[in-house]
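Novice: Here you go, one structure.
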Amino acid sequence: MSITTFSSREFNQDAGKAKKAALAGPVIITDRGRPAHVLLSFEEYQRLAGLRGHIADLLAMPGVEDVELVVTPARDLPTAADLS
């Protein structure tokens with residue numbers, strides 16, 4: 001992930017370039033030399049915000065095939081009732 005910095009003037013002159021840079025990582029937009037805003041891709045925003053999508057969207061994410069699914073067995077399984 002790369003972090004790119006644009007001054008407010010640079011951002012206003014070439015917003016398209018800033019949007020392309022946001023696909024590779026956060027873009028910090030400065031105002032008078034100080035960080036003022038951060039531009040993120042929507043996918044990165046959702047990840048940081050913890051927003052959940054549909055299961056189909058989650059399964060279509062790049063790299064999902066490398067995620068290991070760990071399933072913990074249930075310990076409190078129901079037992080049959082003794083009705084005698």
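Here, A, B, ... name the chains of the structure tokens in the order displayed, residue numbers run from 1 inside each chain, and ligands are numbered from 1 in the same displayed order.
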Go through segment 40-84 of chain A residue by residue and, counting only C-alpha atoms, keep those with an atom at most 12 Å from segment 19-23 of chain A; for each kept residue give the shortest atom pair and its distance in Å to one decimal, ordered by chain and increasing number, as JSON lines.
Specialist:
```
{"residue": "A:Leu40", "atom": "CA", "partner": "A:Ala22", "partner_atom": "CA", "distance": 5.3}
{"residue": "A:Ser41", "atom": "CA", "partner": "A:Ala22", "partner_atom": "CA", "distance": 5.6}
{"residue": "A:Phe42", "atom": "CA", "partner": "A:Leu23", "partner_atom": "CA", "distance": 9.1}
{"residue": "A:Glu43", "atom": "CA", "partner": "A:Leu23", "partner_atom": "CA", "distance": 9.1}
{"residue": "A:Glu44", "atom": "CA", "partner": "A:Leu23", "partner_atom": "CA", "distance": 8.7}
{"residue": "A:Tyr45", "atom": "CA", "partner": "A:Ala22", "partner_atom": "CA", "distance": 10.8}
```
Novice: List the neighbours of segment 2-11 of chain A out to 8 Å using only C-alpha atoms; skip same-chain residues closer than 6 positions along the sequence, and give me the result as a ChimeraX atom specification.
Specialist: /A:18,21-22,24-33
Novice: For those residues, write C-alpha atoms to a file as a PDB file, in the first residue's frame.
Specialist:
```pdb
ATOM      1  CA  ALA A  18      -5.821  11.553  -7.145  1.00  0.00           C
ATOM      2  CA  ALA A  21      -3.662   7.063  -6.746  1.00  0.00           C
ATOM      3  CA  ALA A  22      -6.365   6.150  -4.186  1.00  0.00           C
ATOM      4  CA  ALA A  24      -3.134   1.963  -4.666  1.00  0.00           C
ATOM      5  CA  GLY A  25      -3.524   3.409  -1.167  1.00  0.00           C
ATOM      6  CA  PRO A  26      -4.674   6.442   0.803  1.00  0.00           C
ATOM      7  CA  VAL A  27      -4.211   9.916  -0.663  1.00  0.00           C
ATOM      8  CA  ILE A  28      -3.527  12.658   1.871  1.00  0.00           C
ATOM      9  CA  ILE A  29      -4.730  16.074   0.772  1.00  0.00           C
ATOM     10  CA  THR A  30      -2.954  18.932   2.490  1.00  0.00           C
ATOM     11  CA  ASP A  31      -4.158  22.449   3.182  1.00  0.00           C
ATOM     12  CA  ARG A  32      -1.337  24.936   3.705  1.00  0.00           C
ATOM     13  CA  GLY A  33       1.091  22.080   4.183  1.00  0.00           C
TER      14      GLY A  33
END
```
Novice: As a list of chain:residue names, please: every residue in chain A that DSSP puts in alpha helix (DSSP H).
Specialist: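 Selection result, alpha helix (DSSP H) within chain A: A:Ser8, A:Arg9, A:Glu10, A:Phe11, A:Asn12, A:Gln13, A:Ala15, A:Gly16, A:Lys17, A:Ala18, A:Lys19, A:Lys20, A:Ala21, A:Ala22, A:Phe42, A:Glu43, A:Glu44, A:Tyr45, A:Gln46, A:Arg47, A:Leu48, A:Ala49, A:Ile55, A:Ala56, A:Asp57, A:Leu58, A:Leu59.
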Novice: Just the strand (DSSP E or B) stuff from chain A, please, per backbone DSSP, written as a list in words.
Specialist: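 Result set for chain A (strand (DSSP E or B)): Thr4, Thr5, Phe6, Ser7, Val27, Ile28, Ile29, Thr30, Asp31, Arg34, Pro35, Ala36, His37, Val38 and Leu39 of chain A.
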Novice: One decimal, Å: what's the distance from atom CA of Arg47 of chain A over to atom CA of Val67 of chain A, could you say?
Specialist: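 Separating atom CA of Arg47 of chain A from atom CA of Val67 of chain A is a distance of 15.5 Å.
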Novice: What does the distance between atom CA of Ala49 of chain A and atom CA of Gly63 of chain A come to in Å, to one decimal place?
Specialist: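 Between atom CA of Ala49 of chain A and atom CA of Gly63 of chain A the gap works out to 19.6 Å.
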Novice: Please indicate the distance in Å from atom CA of Lys17 of chain A to atom CA of Leu39 of chain A, rounded to one decimal place.
Specialist: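 If I compute the distance from atom CA of Lys17 of chain A to atom CA of Leu39 of chain A, I get 11.6 Å.
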